[in-house]
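> Just dropping this structure here.
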Amino acid sequence: MAIRDEVAEGAGEAGALPLSGRPAKDNRAALRAAAPVERRGSPLAPPTIRDAQAEQEAPLPSTSPEALETNRQIKIRARACALSLAAAALLIAASARADERPVYWRAAFGGEFNEDSHAVLDLGVSTGGLTLQLQTDTLDARWSPSWGWGKGWVGARGEAAFAGILFAPWERGALVKEEGLLASYAGLDAGMLVYLPEGFYAGASADGRLYDFGPLPETTAPIPAARGVFSPTGTLGWWRRDAQAEVRLGADLQSSGSAPRIAGRLRIAPEWTLGPLIEIQAGAARGQDFLTLTRLGGLNPYVVPMAGAAWAEFRVQSFATARLGPRVVGESGHLAVVTDLAAFDGQSAFGIAALGRYTWGARFVEASAGFAPALRRQSGLPALSVWLLGGVDWSAW
């Protein structure tokens, strides 16, 4: 069983809807007055969104006919995702009933709440190796056959507006909505894992995506041109019920060049009444841009976690993180108190969090809260975050 791969990809793939209706703070003057971040001449220092866009076309005013049309198209795509999932789910259910195959479903809703809050929605249906999921603004369809010696998958995936959390960029401790982007993509992926003795497994995968970008109402930054990204990846891992380890080696290929990357993860979580929770992640890359940088920050499962930081507050090339603390496990759930430690691209941070999950039958509730006391922030922006998610996990229809 492979460790969940959203984190290694660093793309925030579930998508997220902005919850805050407050106007964006005018952060420009404060950012200009702040001391510049030293890049140290390191080839691993990541480019900012502004760096990546510097040579692109002129800014597109958000009130222009082109911007208004972009926003209209985003709404159309979002509705199309929901309607497509509903229609496909009904077809799958009808087909499965006709063939007397079991049908499974899940539904969950929640979000991460802080200075830059986002909601998430997860609806899914599965039967006979075919799975359809609507994850906020992302529609995912895949076929995943399995055998005694391994498993494979072929998938199609599209995101309507909020790919990569590009609509909510942070710089130097503040949300900079002027540089936010709408980002959509359509793509295909395929892969295979082979089970090896003693719990080991190995595999390979590849995905290709075509991205398109548009402005938000506050956007003043240049809009990047559409582009494609092809990402082959090799995987080697080890799995036990209470411990997992995985290493992923690959590259992100674009017309501008290739960006090699490597990432690894170790998780130890014995199901003792009182035991340790240990999660270590690390990665390094070269030549990545605003699309492919790893997303770090937040308490949700789609990023490299950092308690107290906003969702994907940091976009990094090289990083190492550790989550350490005691965990209490009961029949219906668990509770842990952890310290998050992170070093990334010449910076460091730490946070403290409480993580909990309670289940009854297929239903569940997750609740986490974190604080980063030393995280660099503009005045008046607390480094607090809360993650809430509840629903029904995969269960028979």
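Just so we're on the same page: first chain in the structure tokens is A, next is B, and so on; residues restart at 1 for each chain, and ligands are numbered from 1 in the order they show up.
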Would you mind listing what lies within 6 Å of Gly180 (chain A) as a PyMOL selection string, with only C-alpha atoms counted and same-chain residues fewer than 2 positions away left out?

chain A and resi 166-169+177-178+219

> Give the helix (DSSP H, G or I) residues of region 89-324 of chain A, as DSSP finds them on the backbone, and put them as a tab-separated table (two decimals) with N, CA and C atoms, in the first residue's frame.


chain	number	residue	atom	x	y	z
A	89	ALA	N	-21.78	8.95	-11.54
A	89	ALA	CA	-22.08	8.15	-10.36
A	89	ALA	C	-23.37	7.36	-10.56
A	90	LEU	N	-24.39	8.00	-11.13
A	90	LEU	CA	-25.64	7.29	-11.39
A	90	LEU	C	-25.46	6.15	-12.39
A	91	LEU	N	-24.64	6.39	-13.42
A	91	LEU	CA	-24.38	5.34	-14.40
A	91	LEU	C	-23.64	4.17	-13.77
A	92	ILE	N	-22.62	4.49	-12.94
A	92	ILE	CA	-21.86	3.43	-12.28
A	92	ILE	C	-22.76	2.62	-11.36
A	93	ALA	N	-23.59	3.32	-10.57
A	93	ALA	CA	-24.47	2.63	-9.64
A	93	ALA	C	-25.46	1.73	-10.38
A	94	ALA	N	-26.03	2.25	-11.47
A	94	ALA	CA	-26.99	1.45	-12.25
A	94	ALA	C	-26.32	0.23	-12.86
A	95	SER	N	-25.12	0.42	-13.41
A	95	SER	CA	-24.39	-0.69	-14.01
A	95	SER	C	-24.01	-1.74	-12.98
A	96	ALA	N	-23.54	-1.27	-11.82
A	96	ALA	CA	-23.12	-2.20	-10.77
A	96	ALA	C	-24.31	-3.00	-10.24
A	97	ARG	N	-25.45	-2.32	-10.08
A	97	ARG	CA	-26.64	-3.04	-9.61
A	97	ARG	C	-27.07	-4.11	-10.61
A	98	ALA	N	-26.98	-3.76	-11.90
A	98	ALA	CA	-27.36	-4.72	-12.92
A	98	ALA	C	-26.46	-5.95	-12.89
A	99	ASP	N	-25.17	-5.74	-12.60
A	99	ASP	CA	-24.21	-6.85	-12.55
A	99	ASP	C	-24.06	-7.42	-11.14
A	163	ALA	N	-6.13	25.20	-8.80
A	163	ALA	CA	-5.00	24.27	-8.82
A	163	ALA	C	-3.78	24.89	-8.14
A	164	GLY	N	-3.12	24.08	-7.33
A	164	GLY	CA	-1.87	24.50	-6.70
A	164	GLY	C	-2.00	25.60	-5.69
A	165	ILE	N	-3.21	25.95	-5.26
A	165	ILE	CA	-3.45	27.05	-4.32
A	165	ILE	C	-2.80	28.33	-4.83
A	177	LYS	N	-2.74	39.06	-2.32
A	177	LYS	CA	-3.78	38.71	-3.28
A	177	LYS	C	-3.54	39.33	-4.64
A	178	GLU	N	-2.73	40.39	-4.70
A	178	GLU	CA	-2.45	41.02	-5.99
A	178	GLU	C	-1.74	40.06	-6.94
A	179	GLU	N	-1.08	39.03	-6.40
A	179	GLU	CA	-0.36	38.08	-7.23
A	179	GLU	C	-1.09	36.75	-7.36
A	197	PRO	N	8.85	-9.04	-1.42
A	197	PRO	CA	8.86	-9.72	-0.10
A	197	PRO	C	9.09	-8.75	1.05
A	198	GLU	N	8.67	-9.17	2.24
A	198	GLU	CA	8.91	-8.45	3.49
A	198	GLU	C	8.27	-7.06	3.53
A	199	GLY	N	7.19	-6.87	2.81
A	199	GLY	CA	6.47	-5.61	2.87
A	199	GLY	C	6.99	-4.53	1.94

> Ranking A:Ile352, A:Ala320, A:Leu299, A:Leu181 by minimum distance to Trp387 (chain A) and counting only C-alpha atoms, which one comes first?

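Ranking A:Ile352, A:Ala320, A:Leu299, A:Leu181 by distance to Trp387 (chain A), first place goes to A:Leu299.
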
> Which of these residues is nearest to Val194 (chain A), using only C-alpha atoms: A:Leu182, A:Leu266, A:Ala206, A:Leu236?

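Result for the nearest residue to Val194 (chain A): A:Leu236.
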
> For CA of Phe364 (chain A) and CA of Asp393 (chain A), quote the distance in Å rounded to one decimal.

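Straight-line distance from CA of Phe364 (chain A) to CA of Asp393 (chain A) works out to 7.1 Å.
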